[in-house]
file work.cif (mmCIF, C-alpha atoms and all ligand atoms)
data_run
#
loop_
_atom_site.group_PDB
_atom_site.id
_atom_site.type_symbol
_atom_site.label_atom_id
_atom_site.label_comp_id
_atom_site.auth_asym_id
_atom_site.auth_seq_id
_atom_site.Cartn_x
_atom_site.Cartn_y
_atom_site.Cartn_z
ATOM 1 C CA MET A 1 12.137 -14.545 -0.717
ATOM 2 C CA PHE A 2 9.184 -12.531 0.563
ATOM 3 C CA ILE A 3 7.474 -9.818 -1.460
ATOM 4 C CA VAL A 4 5.677 -6.863 0.090
ATOM 5 C CA PHE A 5 3.500 -4.664 -2.148
ATOM 6 C CA ILE A 6 2.903 -1.135 -0.871
ATOM 7 C CA LEU A 7 -0.489 0.239 -1.986
ATOM 8 C CA GLY A 8 -2.506 3.317 -1.167
ATOM 9 C CA THR A 9 -4.316 6.265 -2.711
ATOM 10 C CA ALA A 10 -2.321 8.944 -4.573
ATOM 11 C CA GLY A 11 0.123 10.725 -2.303
ATOM 12 C CA SER A 12 -0.595 8.519 0.732
ATOM 13 C CA GLY A 13 3.152 8.062 1.306
ATOM 14 C CA LYS A 14 3.984 4.791 -0.502
ATOM 15 C CA SER A 15 7.314 5.840 -1.974
ATOM 16 C CA LEU A 16 8.664 7.550 1.135
ATOM 17 C CA LEU A 17 7.581 4.586 3.260
ATOM 18 C CA THR A 18 9.340 2.223 0.839
ATOM 19 C CA ALA A 19 12.486 4.328 1.241
ATOM 20 C CA ALA A 20 12.252 4.619 5.039
ATOM 21 C CA PHE A 21 11.330 0.975 5.684
ATOM 22 C CA SER A 22 14.065 -0.301 3.374
ATOM 23 C CA GLU A 23 16.636 1.813 5.236
ATOM 24 C CA TRP A 24 15.276 0.611 8.562
ATOM 25 C CA LEU A 25 15.553 -3.020 7.433
ATOM 26 C CA ARG A 26 19.075 -2.489 6.119
ATOM 27 C CA ILE A 27 20.144 -1.060 9.461
ATOM 28 C CA SER A 28 18.630 -4.209 11.044
ATOM 29 C CA LYS A 29 20.957 -6.200 8.729
ATOM 30 C CA GLN A 30 18.140 -7.536 6.569
ATOM 31 C CA ASP A 31 18.830 -8.532 2.978
ATOM 32 C CA ILE A 32 16.410 -6.334 1.095
ATOM 33 C CA SER A 33 15.710 -4.989 -2.436
ATOM 34 C CA ILE A 34 13.272 -2.505 -3.915
ATOM 35 C CA VAL A 35 11.135 -2.739 -7.049
ATOM 36 C CA ASN A 36 9.523 0.367 -8.502
ATOM 37 C CA LEU A 37 6.255 -0.602 -10.223
ATOM 38 C CA ASP A 38 5.176 3.010 -10.772
ATOM 39 C CA PRO A 39 5.803 3.879 -14.446
ATOM 40 C CA GLY A 40 4.700 7.493 -13.825
ATOM 41 C CA ALA A 41 7.194 8.313 -11.053
ATOM 42 C CA LEU A 42 9.416 11.279 -11.932
ATOM 43 C CA THR A 43 11.679 11.119 -8.897
ATOM 44 C CA LEU A 44 11.903 8.501 -6.169
ATOM 45 C CA PRO A 45 13.262 8.831 -2.624
ATOM 46 C CA TYR A 46 15.256 5.548 -3.050
ATOM 47 C CA SER A 47 17.285 3.804 -5.758
ATOM 48 C CA PRO A 48 15.227 0.895 -7.096
ATOM 49 C CA ASP A 49 16.987 -2.408 -7.835
ATOM 50 C CA VAL A 50 14.358 -3.153 -10.484
ATOM 51 C CA ASP A 51 12.525 -0.299 -12.175
ATOM 52 C CA VAL A 52 9.552 -0.597 -14.580
ATOM 53 C CA ARG A 53 10.574 2.759 -16.052
ATOM 54 C CA ASP A 54 13.355 0.786 -17.771
ATOM 55 C CA TYR A 55 10.580 -1.061 -19.632
ATOM 56 C CA VAL A 56 7.972 1.620 -20.361
ATOM 57 C CA ASN A 57 8.140 5.355 -20.845
ATOM 58 C CA VAL A 58 4.877 7.126 -20.095
ATOM 59 C CA GLU A 59 5.852 10.362 -21.833
ATOM 60 C CA SER A 60 6.722 8.677 -25.096
ATOM 61 C CA LEU A 61 3.455 6.675 -24.951
ATOM 62 C CA MET A 62 1.585 9.989 -24.609
ATOM 63 C CA GLU A 63 3.346 11.365 -27.669
ATOM 64 C CA LYS A 64 3.236 8.257 -29.810
ATOM 65 C CA TYR A 65 -0.435 7.423 -29.210
ATOM 66 C CA SER A 66 -1.775 10.950 -28.503
ATOM 67 C CA LEU A 67 -2.862 9.892 -25.022
ATOM 68 C CA GLY A 68 -3.462 11.923 -21.879
ATOM 69 C CA PRO A 69 -1.412 11.103 -18.767
ATOM 70 C CA ASN A 70 -3.952 8.623 -17.397
ATOM 71 C CA GLY A 71 -4.552 6.896 -20.734
ATOM 72 C CA ALA A 72 -0.794 6.507 -21.057
ATOM 73 C CA LEU A 73 -0.564 5.025 -17.547
ATOM 74 C CA VAL A 74 -3.283 2.493 -18.406
ATOM 75 C CA MET A 75 -1.342 1.523 -21.499
ATOM 76 C CA ALA A 76 1.882 1.393 -19.483
ATOM 77 C CA ALA A 77 0.279 -1.019 -16.997
ATOM 78 C CA ASP A 78 -0.692 -3.338 -19.862
ATOM 79 C CA LEU A 79 2.801 -3.111 -21.363
ATOM 80 C CA ILE A 80 4.347 -3.961 -17.985
ATOM 81 C CA ALA A 81 2.135 -7.058 -17.917
ATOM 82 C CA ASP A 82 3.558 -8.012 -21.339
ATOM 83 C CA ASP A 83 7.114 -7.693 -19.990
ATOM 84 C CA ILE A 84 6.406 -9.454 -16.719
ATOM 85 C CA GLU A 85 8.522 -12.499 -17.503
ATOM 86 C CA GLN A 86 11.665 -10.400 -17.893
ATOM 87 C CA ILE A 87 10.850 -8.217 -14.864
ATOM 88 C CA SER A 88 10.193 -11.309 -12.779
ATOM 89 C CA LYS A 89 13.559 -12.736 -13.854
ATOM 90 C CA GLU A 90 15.252 -9.546 -12.712
ATOM 91 C CA VAL A 91 13.515 -9.792 -9.334
ATOM 92 C CA GLU A 92 14.484 -13.452 -8.922
ATOM 93 C CA GLU A 93 18.102 -12.669 -9.705
ATOM 94 C CA LEU A 94 18.206 -10.210 -6.810
ATOM 95 C CA LYS A 95 18.042 -13.230 -4.488
ATOM 96 C CA SER A 96 17.007 -10.969 -1.625
ATOM 97 C CA ASP A 97 15.201 -12.227 1.437
ATOM 98 C CA ILE A 98 12.665 -9.448 1.270
ATOM 99 C CA VAL A 99 11.575 -7.322 -1.690
ATOM 100 C CA LEU A 100 9.562 -4.123 -1.244
ATOM 101 C CA VAL A 101 7.410 -3.146 -4.214
ATOM 102 C CA ASP A 102 6.351 0.493 -4.558
ATOM 103 C CA THR A 103 3.193 0.774 -6.684
ATOM 104 C CA SER A 104 1.544 3.434 -8.809
ATOM 105 C CA GLY A 105 -0.152 6.516 -7.385
ATOM 106 C CA GLN A 106 -3.054 5.658 -9.692
ATOM 107 C CA MET A 107 -4.053 2.773 -7.456
ATOM 108 C CA GLU A 108 -6.929 1.745 -9.686
ATOM 109 C CA LEU A 109 -4.396 0.770 -12.358
ATOM 110 C CA PHE A 110 -2.867 -1.808 -10.119
ATOM 111 C CA ALA A 111 -5.922 -2.787 -8.146
ATOM 112 C CA PHE A 112 -8.855 -2.676 -10.510
ATOM 113 C CA ARG A 113 -7.531 -3.497 -13.955
ATOM 114 C CA ALA A 114 -6.784 -7.081 -14.883
ATOM 115 C CA SER A 115 -3.077 -6.275 -15.292
ATOM 116 C CA GLY A 116 -2.484 -5.525 -11.567
ATOM 117 C CA PRO A 117 -3.263 -8.889 -9.955
ATOM 118 C CA TYR A 118 -1.737 -10.548 -13.048
ATOM 119 C CA ILE A 119 1.505 -8.600 -12.500
ATOM 120 C CA ALA A 120 1.471 -9.399 -8.762
ATOM 121 C CA ASN A 121 0.951 -13.122 -9.424
ATOM 122 C CA GLU A 122 3.435 -13.394 -12.262
ATOM 123 C CA LEU A 123 6.115 -11.254 -10.620
ATOM 124 C CA THR A 124 6.751 -14.024 -8.160
ATOM 125 C CA LYS A 125 5.330 -17.256 -6.834
ATOM 126 C CA GLU A 126 6.962 -16.497 -3.473
ATOM 127 C CA PRO A 127 4.868 -15.559 -0.414
ATOM 128 C CA LYS A 128 3.354 -12.098 -0.708
ATOM 129 C CA ALA A 129 1.793 -9.507 1.542
ATOM 130 C CA ILE A 130 -0.072 -6.327 0.707
ATOM 131 C CA VAL A 131 0.435 -3.186 2.750
ATOM 132 C CA TYR A 132 -2.380 -0.660 2.433
ATOM 133 C CA LEU A 133 -1.830 2.929 3.534
ATOM 134 C CA PHE A 134 -4.454 5.141 5.160
ATOM 135 C CA ASP A 135 -3.235 8.736 4.999
ATOM 136 C CA ALA A 136 -3.615 10.027 8.584
ATOM 137 C CA VAL A 137 -4.646 13.579 7.694
ATOM 138 C CA PHE A 138 -7.199 12.344 5.151
ATOM 139 C CA SER A 139 -8.531 9.780 7.648
ATOM 140 C CA LEU A 140 -9.428 12.409 10.291
ATOM 141 C CA ASP A 141 -12.917 12.682 8.800
ATOM 142 C CA PRO A 142 -14.938 9.522 9.592
ATOM 143 C CA LEU A 143 -16.507 9.559 6.109
ATOM 144 C CA ASN A 144 -13.056 9.586 4.493
ATOM 145 C CA TYR A 145 -11.961 6.858 6.855
ATOM 146 C CA VAL A 146 -14.943 4.651 5.972
ATOM 147 C CA SER A 147 -14.430 5.324 2.240
ATOM 148 C CA ASN A 148 -10.831 4.187 2.640
ATOM 149 C CA LEU A 149 -12.045 1.051 4.444
ATOM 150 C CA PHE A 150 -14.051 0.293 1.306
ATOM 151 C CA LEU A 151 -11.027 0.756 -0.908
ATOM 152 C CA SER A 152 -8.909 -1.511 1.242
ATOM 153 C CA ALA A 153 -11.671 -4.136 1.254
ATOM 154 C CA ALA A 154 -11.773 -3.892 -2.554
ATOM 155 C CA ILE A 155 -7.999 -4.402 -2.678
ATOM 156 C CA TYR A 156 -8.333 -7.437 -0.451
ATOM 157 C CA ASN A 157 -11.002 -8.898 -2.729
ATOM 158 C CA ARG A 158 -8.777 -8.398 -5.760
ATOM 159 C CA PHE A 159 -5.556 -9.879 -4.416
ATOM 160 C CA LEU A 160 -6.718 -12.260 -1.659
ATOM 161 C CA GLN A 161 -3.337 -11.987 0.026
ATOM 162 C CA PRO A 162 -2.543 -11.241 3.671
ATOM 163 C CA GLN A 163 -2.993 -7.496 4.135
ATOM 164 C CA VAL A 164 -1.421 -5.092 6.636
ATOM 165 C CA HIS A 165 -3.049 -1.704 7.230
ATOM 166 C CA LEU A 166 -0.975 1.328 8.130
ATOM 167 C CA LEU A 167 -1.967 4.809 9.230
ATOM 168 C CA SER A 168 0.712 6.782 7.386
ATOM 169 C CA LYS A 169 2.210 10.251 8.109
ATOM 170 C CA CYS A 170 1.287 10.059 11.816
ATOM 171 C CA ASP A 171 3.870 12.731 12.645
ATOM 172 C CA LEU A 172 1.447 15.243 11.082
ATOM 173 C CA LEU A 173 -1.276 14.674 13.718
ATOM 174 C CA PRO A 174 -1.375 15.122 17.506
ATOM 175 C CA LYS A 175 -1.120 11.782 19.295
ATOM 176 C CA ALA A 176 -4.729 12.003 20.551
ATOM 177 C CA GLU A 177 -6.007 12.170 16.953
ATOM 178 C CA VAL A 178 -3.822 9.232 15.905
ATOM 179 C CA ASP A 179 -5.121 7.223 18.867
ATOM 180 C CA ARG A 180 -8.684 8.069 17.948
ATOM 181 C CA ILE A 181 -8.314 6.761 14.371
ATOM 182 C CA VAL A 182 -6.513 3.619 15.557
ATOM 183 C CA ASP A 183 -9.355 3.143 18.014
ATOM 184 C CA TRP A 184 -11.881 3.305 15.154
ATOM 185 C CA SER A 185 -10.013 0.473 13.484
ATOM 186 C CA ALA A 186 -10.084 -1.663 16.628
ATOM 187 C CA LYS A 187 -13.585 -0.961 17.899
ATOM 188 C CA PRO A 188 -16.622 -0.543 15.629
ATOM 189 C CA GLU A 189 -18.488 1.209 18.459
ATOM 190 C CA ALA A 190 -15.777 3.910 18.647
ATOM 191 C CA LEU A 191 -16.160 4.586 14.918
ATOM 192 C CA GLU A 192 -19.929 4.589 15.231
ATOM 193 C CA SER A 193 -19.826 7.122 18.028
ATOM 194 C CA SER A 194 -17.524 9.446 16.029
ATOM 195 C CA ILE A 195 -19.825 9.138 13.018
ATOM 196 C CA GLU A 196 -22.744 10.208 15.246
ATOM 197 C CA GLN A 197 -20.764 13.119 16.727
ATOM 198 C CA LYS A 198 -18.909 14.462 13.716
ATOM 199 C CA LEU A 199 -21.261 13.868 10.795
ATOM 200 C CA GLU A 200 -24.845 14.705 10.054
ATOM 201 C CA GLY A 201 -27.552 14.091 7.456
ATOM 202 C CA THR A 202 -26.712 12.011 4.419
ATOM 203 C CA LYS A 203 -23.026 11.750 5.329
ATOM 204 C CA ARG A 204 -23.892 10.264 8.709
ATOM 205 C CA LEU A 205 -26.351 7.796 7.217
ATOM 206 C CA LEU A 206 -23.982 6.777 4.453
ATOM 207 C CA SER A 207 -20.986 6.327 6.754
ATOM 208 C CA ARG A 208 -23.000 4.284 9.223
ATOM 209 C CA ASN A 209 -24.327 1.955 6.514
ATOM 210 C CA MET A 210 -20.957 1.644 4.758
ATOM 211 C CA MET A 211 -19.304 0.829 8.047
ATOM 212 C CA SER A 212 -21.806 -1.872 8.908
ATOM 213 C CA ALA A 213 -21.411 -3.389 5.414
ATOM 214 C CA ILE A 214 -17.660 -3.722 6.002
ATOM 215 C CA TYR A 215 -18.126 -5.312 9.403
ATOM 216 C CA LYS A 216 -20.701 -7.725 7.973
ATOM 217 C CA LEU A 217 -18.030 -8.901 5.548
ATOM 218 C CA GLY A 218 -16.001 -9.888 8.588
ATOM 219 C CA LEU A 219 -12.925 -7.966 7.440
ATOM 220 C CA LYS A 220 -10.585 -6.687 10.134
ATOM 221 C CA PHE A 221 -8.439 -3.648 9.488
ATOM 222 C CA LEU A 222 -6.455 -2.921 12.598
ATOM 223 C CA LEU A 223 -4.338 0.134 11.781
ATOM 224 C CA ILE A 224 -0.674 0.407 12.715
ATOM 225 C CA PRO A 225 0.336 4.064 13.075
ATOM 226 C CA ILE A 226 3.567 4.883 11.254
ATOM 227 C CA SER A 227 5.713 7.786 10.093
ATOM 228 C CA ALA A 228 8.239 7.605 7.288
ATOM 229 C CA LYS A 229 9.713 10.872 8.590
ATOM 230 C CA THR A 230 10.338 9.909 12.227
ATOM 231 C CA ASN A 231 10.318 6.089 11.799
ATOM 232 C CA ASP A 232 7.779 5.800 14.614
ATOM 233 C CA GLY A 233 5.863 2.539 14.244
ATOM 234 C CA MET A 234 8.497 0.729 12.139
ATOM 235 C CA ILE A 235 8.966 -1.961 14.788
ATOM 236 C CA ASN A 236 5.251 -2.783 14.930
ATOM 237 C CA PHE A 237 4.995 -2.713 11.152
ATOM 238 C CA ASN A 238 7.965 -5.030 10.792
ATOM 239 C CA THR A 239 6.598 -7.405 13.423
ATOM 240 C CA SER A 240 3.310 -7.732 11.573
ATOM 241 C CA ILE A 241 5.067 -8.456 8.269
ATOM 242 C CA GLU A 242 7.357 -10.986 9.950
ATOM 243 C CA ARG A 243 4.353 -12.661 11.519
ATOM 244 C CA ILE A 244 2.598 -12.997 8.155
ATOM 245 C CA LEU A 245 5.536 -13.930 5.961
ATOM 246 C CA GLY A 246 8.165 -15.415 8.176
ATOM 247 C CA GLY A 247 5.970 -17.161 10.716
ATOM 248 C CA GLY A 248 7.327 -14.702 13.297
ATOM 249 C CA GLU A 249 10.983 -15.223 12.288
ATOM 250 C CA LYS A 250 13.341 -12.670 10.794
ATOM 251 C CA TYR A 251 13.671 -12.709 6.994
ATOM 252 C CA THR A 252 17.462 -12.896 7.019
ATOM 253 C CA TYR A 253 19.648 -14.979 9.309
HETATM 254 N N1 LIG B 1 5.144 14.437 7.353
HETATM 255 C C1 LIG B 1 5.169 13.349 6.591
HETATM 256 N N2 LIG B 1 5.096 13.466 5.260
HETATM 257 C C2 LIG B 1 5.135 12.346 4.503
HETATM 258 C C3 LIG B 1 5.260 11.060 5.097
HETATM 259 N N3 LIG B 1 5.271 10.145 4.089
HETATM 260 C C4 LIG B 1 5.168 10.841 2.947
HETATM 261 N N4 LIG B 1 5.105 12.168 3.183
HETATM 262 C C5 LIG B 1 4.985 13.252 2.208
HETATM 263 O O1 LIG B 1 3.805 13.078 1.450
HETATM 264 C C6 LIG B 1 4.034 13.377 0.079
HETATM 265 C C7 LIG B 1 3.711 12.163 -0.779
HETATM 266 O O2 LIG B 1 4.602 11.119 -0.414
HETATM 267 P P1 LIG B 1 4.984 9.962 -1.416
HETATM 268 O O3 LIG B 1 5.840 9.002 -0.671
HETATM 269 O O4 LIG B 1 5.488 10.504 -2.690
HETATM 270 O O5 LIG B 1 3.532 9.345 -1.653
HETATM 271 P P2 LIG B 1 3.104 8.272 -2.753
HETATM 272 O O6 LIG B 1 1.954 7.528 -2.183
HETATM 273 O O7 LIG B 1 4.284 7.502 -3.217
HETATM 274 O O8 LIG B 1 2.623 9.241 -3.921
HETATM 275 P P3 LIG B 1 2.237 8.814 -5.423
HETATM 276 O O9 LIG B 1 3.189 7.748 -5.854
HETATM 277 O O10 LIG B 1 2.375 10.085 -6.190
HETATM 278 O O11 LIG B 1 0.823 8.348 -5.331
HETATM 279 C C8 LIG B 1 5.495 13.820 -0.022
HETATM 280 O O12 LIG B 1 5.542 15.213 0.061
HETATM 281 C C9 LIG B 1 6.129 13.189 1.204
HETATM 282 O O13 LIG B 1 7.246 13.914 1.684
HETATM 283 C C10 LIG B 1 5.344 10.965 6.512
HETATM 284 O O14 LIG B 1 5.431 9.886 7.122
HETATM 285 N N5 LIG B 1 5.300 12.144 7.212
HETATM 286 MG MG MG B 2 4.989 7.107 -5.144
#
call {"tool": "encode", "arguments": {"input": "work.cif", "output": "structure tokens", "more": "lines below"}}
Ligand SMILES: Nc1nc2c(ncn2[C@@H]2O[C@H](COP(=O)(O)OP(=O)(O)OP(=O)(O)O)[C@@H](O)[C@H]2O)c(=O)[nH]1
Ligand SMILES: [Mg+2]
result
Amino acid sequence: MFIVFILGTAGSGKSLLTAAFSEWLRISKQDISIVNLDPGALTLPYSPDVDVRDYVNVESLMEKYSLGPNGALVMAADLIADDIEQISKEVEELKSDIVLVDTSGQMELFAFRASGPYIANELTKEPKAIVYLFDAVFSLDPLNYVSNLFLSAAIYNRFLQPQVHLLSKCDLLPKAEVDRIVDWSAKPEALESSIEQKLEGTKRLLSRNMMSAIYKLGLKFLLIPISAKTNDGMINFNTSIERILGGGEKYTY
């Protein structure tokens, strides 16, 4: 069994990608299941096989403990950690070859509180990969792009698992813009030149220094452009996951 965690900032397209990629894998005759780890989701574009909302109810936490929505989500994350043994059992019983895990819109809950990596580690001892989404429209601005690089580096530091980087919602941008952002991810000098052209003053200085800090860390974030609406990029995405988890082989035979 291989587990793929889908992470990204709020609204970056995690849930729709989970739905689209799972359908794509099913059509390719792969044995796949979905886990919803987002306790705050109201509706989902797929039917989860395991759902944390069966374990915690954010609304009733808000009422019972007089919490705001974010306080309740923090508490929910800790409660999920308490129930992890049972959730993990449910996941194991699926006996799927590949399990996609959709995570919370409040990424900091999963990434920066102790419960997130604990949940990821306890959910399964099977090989894992993290998929981190860069929202294409948000990434048009080099400063946003560099800020997102920082977030993805922080995620990497927290989980220390193989990480795949996607440029999500590519159908919303002209191809030339998509190519430009992908180019930034492949060539530091391309990003540097856009920072010089598009930004000025403090933003330029900040972006340049943040960018060089990331490159000094030696982290590589080659972006794979993808769309959960048109399914463009699914093949490349799947190949990179197969390479990491299956040693280049399919998950299901
Ligand atoms: N055009 C386009 N829209 C997308 C794509 N993926 C997601 N969206 C839209 O973006 C919005 C957010 O998508 P979600 O999949 O809910 O994003 P999310 O990251 O799960 O959001 P949270 O869980 O709330 O953080 C929805 O309106 C989706 O329809 C895509 O590939 N193309
Ligand atoms: Mg979602």
call {"tool": "residues_near_point", "arguments": {"input": "work.cif", "point": "(5.6, 12.4, -9.2)", "cutoff": "12 Å", "atoms": "only C-alpha atoms", "output": "list in words"}}
result
Ala10, Gly11, Gly13, Lys14, Ser15, Leu16, Asp38, Pro39, Gly40, Ala41, Leu42, Thr43, Leu44, Pro45, Pro69, Ser104, Gly105 and Gln106 of chain A
call {"tool": "closest_residue", "arguments": {"input": "work.cif", "among": "A:Ser96, A:Asn236, A:Thr103, A:Thr230", "to": "ligand MG 2 (chain B)", "atoms": "all atoms listed in the file"}}
result
A:Thr103
call {"tool": "closest_residue", "arguments": {"input": "work.cif", "among": "A:Ile241, A:Val50, A:Ala136, A:Leu149", "to": "Met211 (chain A)", "atoms": "only C-alpha atoms"}}
result
A:Leu149
call {"tool": "atom_distance", "arguments": {"input": "work.cif", "atom1": "atom O6 of ligand LIG 1 (chain B)", "atom2": "CA of Cys170 (chain A)"}}
result
14.2 Å
call {"tool": "residues_around", "arguments": {"input": "work.cif", "residues": "Leu219 (chain A)", "least_positions_apart": "2", "cutoff": "10 Å", "atoms": "only C-alpha atoms", "output": "PyMOL selection string"}}
result
chain A and resi 149+152-153+156+213-217+221-222
call {"tool": "closest_residue", "arguments": {"input": "work.cif", "among": "A:Asn231, A:Ser212, A:Ser147, A:Asn70", "to": "ligand LIG 1 (chain B)", "atoms": "all atoms listed in the file"}}
result
A:Asn231
call {"tool": "resolve_selection", "arguments": {"input": "work.cif", "expression": "the PyMOL selection byres (((chain A and resi 195) around 8) and not hetatm)", "output": "PDB file with C-alpha atoms, in the frame of the given file"}}
result
ATOM      1  CA  PRO A 142     -14.938   9.522   9.592  1.00  0.00           C
ATOM      2  CA  LEU A 143     -16.507   9.559   6.109  1.00  0.00           C
ATOM      3  CA  LEU A 191     -16.160   4.586  14.918  1.00  0.00           C
ATOM      4  CA  GLU A 192     -19.929   4.589  15.231  1.00  0.00           C
ATOM      5  CA  SER A 193     -19.826   7.122  18.028  1.00  0.00           C
ATOM      6  CA  SER A 194     -17.524   9.446  16.029  1.00  0.00           C
ATOM      7  CA  GLU A 196     -22.744  10.208  15.246  1.00  0.00           C
ATOM      8  CA  GLN A 197     -20.764  13.119  16.727  1.00  0.00           C
ATOM      9  CA  LYS A 198     -18.909  14.462  13.716  1.00  0.00           C
ATOM     10  CA  LEU A 199     -21.261  13.868  10.795  1.00  0.00           C
ATOM     11  CA  ARG A 204     -23.892  10.264   8.709  1.00  0.00           C
ATOM     12  CA  SER A 207     -20.986   6.327   6.754  1.00  0.00           C
ATOM     13  CA  ARG A 208     -23.000   4.284   9.223  1.00  0.00           C
TER      14      ARG A 208
END
call {"tool": "resolve_selection", "arguments": {"input": "work.cif", "expression": "the PyMOL selection byres (((chain A and resi 112-125) around 10) and not hetatm)", "output": "NGL selection string"}}
result
:A and (1-3 or 5 or 37 or 74 or 77-92 or 101 or 103 or 107-111 or 126-128 or 154-155 or 158-160)
call {"tool": "write_last_selection", "arguments": {"input": "work.cif", "atoms": "C-alpha atoms", "output": "mmCIF file, keeping the file's coordinate frame"}}
result
data_model
loop_
_atom_site.group_PDB
_atom_site.id
_atom_site.type_symbol
_atom_site.label_atom_id
_atom_site.label_comp_id
_atom_site.auth_asym_id
_atom_site.auth_seq_id
_atom_site.Cartn_x
_atom_site.Cartn_y
_atom_site.Cartn_z
ATOM 1 C CA MET A 1 12.137 -14.545 -0.717
ATOM 2 C CA PHE A 2 9.184 -12.531 0.563
ATOM 3 C CA ILE A 3 7.474 -9.818 -1.460
ATOM 4 C CA PHE A 5 3.500 -4.664 -2.148
ATOM 5 C CA LEU A 37 6.255 -0.602 -10.223
ATOM 6 C CA VAL A 74 -3.283 2.493 -18.406
ATOM 7 C CA ALA A 77 0.279 -1.019 -16.997
ATOM 8 C CA ASP A 78 -0.692 -3.338 -19.862
ATOM 9 C CA LEU A 79 2.801 -3.111 -21.363
ATOM 10 C CA ILE A 80 4.347 -3.961 -17.985
ATOM 11 C CA ALA A 81 2.135 -7.058 -17.917
ATOM 12 C CA ASP A 82 3.558 -8.012 -21.339
ATOM 13 C CA ASP A 83 7.114 -7.693 -19.990
ATOM 14 C CA ILE A 84 6.406 -9.454 -16.719
ATOM 15 C CA GLU A 85 8.522 -12.499 -17.503
ATOM 16 C CA GLN A 86 11.665 -10.400 -17.893
ATOM 17 C CA ILE A 87 10.850 -8.217 -14.864
ATOM 18 C CA SER A 88 10.193 -11.309 -12.779
ATOM 19 C CA LYS A 89 13.559 -12.736 -13.854
ATOM 20 C CA GLU A 90 15.252 -9.546 -12.712
ATOM 21 C CA VAL A 91 13.515 -9.792 -9.334
ATOM 22 C CA GLU A 92 14.484 -13.452 -8.922
ATOM 23 C CA VAL A 101 7.410 -3.146 -4.214
ATOM 24 C CA THR A 103 3.193 0.774 -6.684
ATOM 25 C CA MET A 107 -4.053 2.773 -7.456
ATOM 26 C CA GLU A 108 -6.929 1.745 -9.686
ATOM 27 C CA LEU A 109 -4.396 0.770 -12.358
ATOM 28 C CA PHE A 110 -2.867 -1.808 -10.119
ATOM 29 C CA ALA A 111 -5.922 -2.787 -8.146
ATOM 30 C CA GLU A 126 6.962 -16.497 -3.473
ATOM 31 C CA PRO A 127 4.868 -15.559 -0.414
ATOM 32 C CA LYS A 128 3.354 -12.098 -0.708
ATOM 33 C CA ALA A 154 -11.773 -3.892 -2.554
ATOM 34 C CA ILE A 155 -7.999 -4.402 -2.678
ATOM 35 C CA ARG A 158 -8.777 -8.398 -5.760
ATOM 36 C CA PHE A 159 -5.556 -9.879 -4.416
ATOM 37 C CA LEU A 160 -6.718 -12.260 -1.659
#
call {"tool": "closest_residue", "arguments": {"input": "work.cif", "among": "A:Leu25, A:Val131, A:Val58, A:Leu7", "to": "Met234 (chain A)", "atoms": "all atoms listed in the file"}}
result
A:Leu25
call {"tool": "resolve_selection", "arguments": {"input": "work.cif", "expression": "the PyMOL selection byres (((chain A and resi 100) around 8) and not hetatm)", "output": "ChimeraX atom specification"}}
result
/A:3-6,18,22,32-35,98-99,101-102
call {"tool": "write_last_selection", "arguments": {"input": "work.cif", "atoms": "C-alpha atoms", "output": "CSV table (one decimal), keeping the file's coordinate frame"}}
result
chain,number,residue,atom,x,y,z
A,3,ILE,CA,7.5,-9.8,-1.5
A,4,VAL,CA,5.7,-6.9,0.1
A,5,PHE,CA,3.5,-4.7,-2.1
A,6,ILE,CA,2.9,-1.1,-0.9
A,18,THR,CA,9.3,2.2,0.8
A,22,SER,CA,14.1,-0.3,3.4
A,32,ILE,CA,16.4,-6.3,1.1
A,33,SER,CA,15.7,-5.0,-2.4
A,34,ILE,CA,13.3,-2.5,-3.9
A,35,VAL,CA,11.1,-2.7,-7.0
A,98,ILE,CA,12.7,-9.4,1.3
A,99,VAL,CA,11.6,-7.3,-1.7
A,101,VAL,CA,7.4,-3.1,-4.2
A,102,ASP,CA,6.4,0.5,-4.6
call {"tool": "atom_distance", "arguments": {"input": "work.cif", "atom1": "CA of Leu17 (chain A)", "atom2": "CA of Ser168 (chain A)"}}
result
8.3 Å
call {"tool": "closest_residue", "arguments": {"input": "work.cif", "among": "A:Val137, A:Ala186, A:Val146, A:Met62", "to": "ligand LIG 1 (chain B)", "atoms": "all atoms listed in the file"}}
result
A:Val137
call {"tool": "atom_distance", "arguments": {"input": "work.cif", "atom1": "CA of Ile224 (chain A)", "atom2": "CA of Asn209 (chain A)"}}
result
24.5 Å
call {"tool": "closest_residue", "arguments": {"input": "work.cif", "among": "A:Asp232, A:Asn148, A:Phe237, A:Gly201", "to": "Lys175 (chain A)", "atoms": "all atoms listed in the file"}}
result
A:Asp232
call {"tool": "axis_aligned_box", "arguments": {"input": "work.cif", "around": "ligand LIG 1 (chain B)", "padding_each_side": "5 Å", "output": "AutoDock Vina command-line options"}}
result
--center_x 4.0 --center_y 11.4 --center_z 0.6 --size_x 16.4 --size_y 17.7 --size_z 23.5
call {"tool": "decode", "arguments": {"input": "work.cif", "residues": "region 62-74 of chain A", "atoms": "C-alpha atoms", "output": "compact mmCIF listing (two decimals), in the first residue's frame"}}
result
# COMPACT_ATOMS: atom_id res chain seq x y z
CA MET A 62 -17.67 25.05 18.56
CA GLU A 63 -20.91 24.84 20.52
CA LYS A 64 -19.70 22.64 23.35
CA TYR A 65 -16.47 24.55 24.05
CA SER A 66 -17.53 28.04 22.85
CA LEU A 67 -14.78 28.02 20.23
CA GLY A 68 -14.45 29.92 16.97
CA PRO A 69 -14.10 27.92 13.73
CA ASN A 70 -10.30 27.86 13.85
CA GLY A 71 -10.09 27.00 17.55
CA ALA A 72 -12.50 24.14 16.88
CA LEU A 73 -10.36 22.92 13.97
CA VAL A 74 -7.26 22.93 16.20
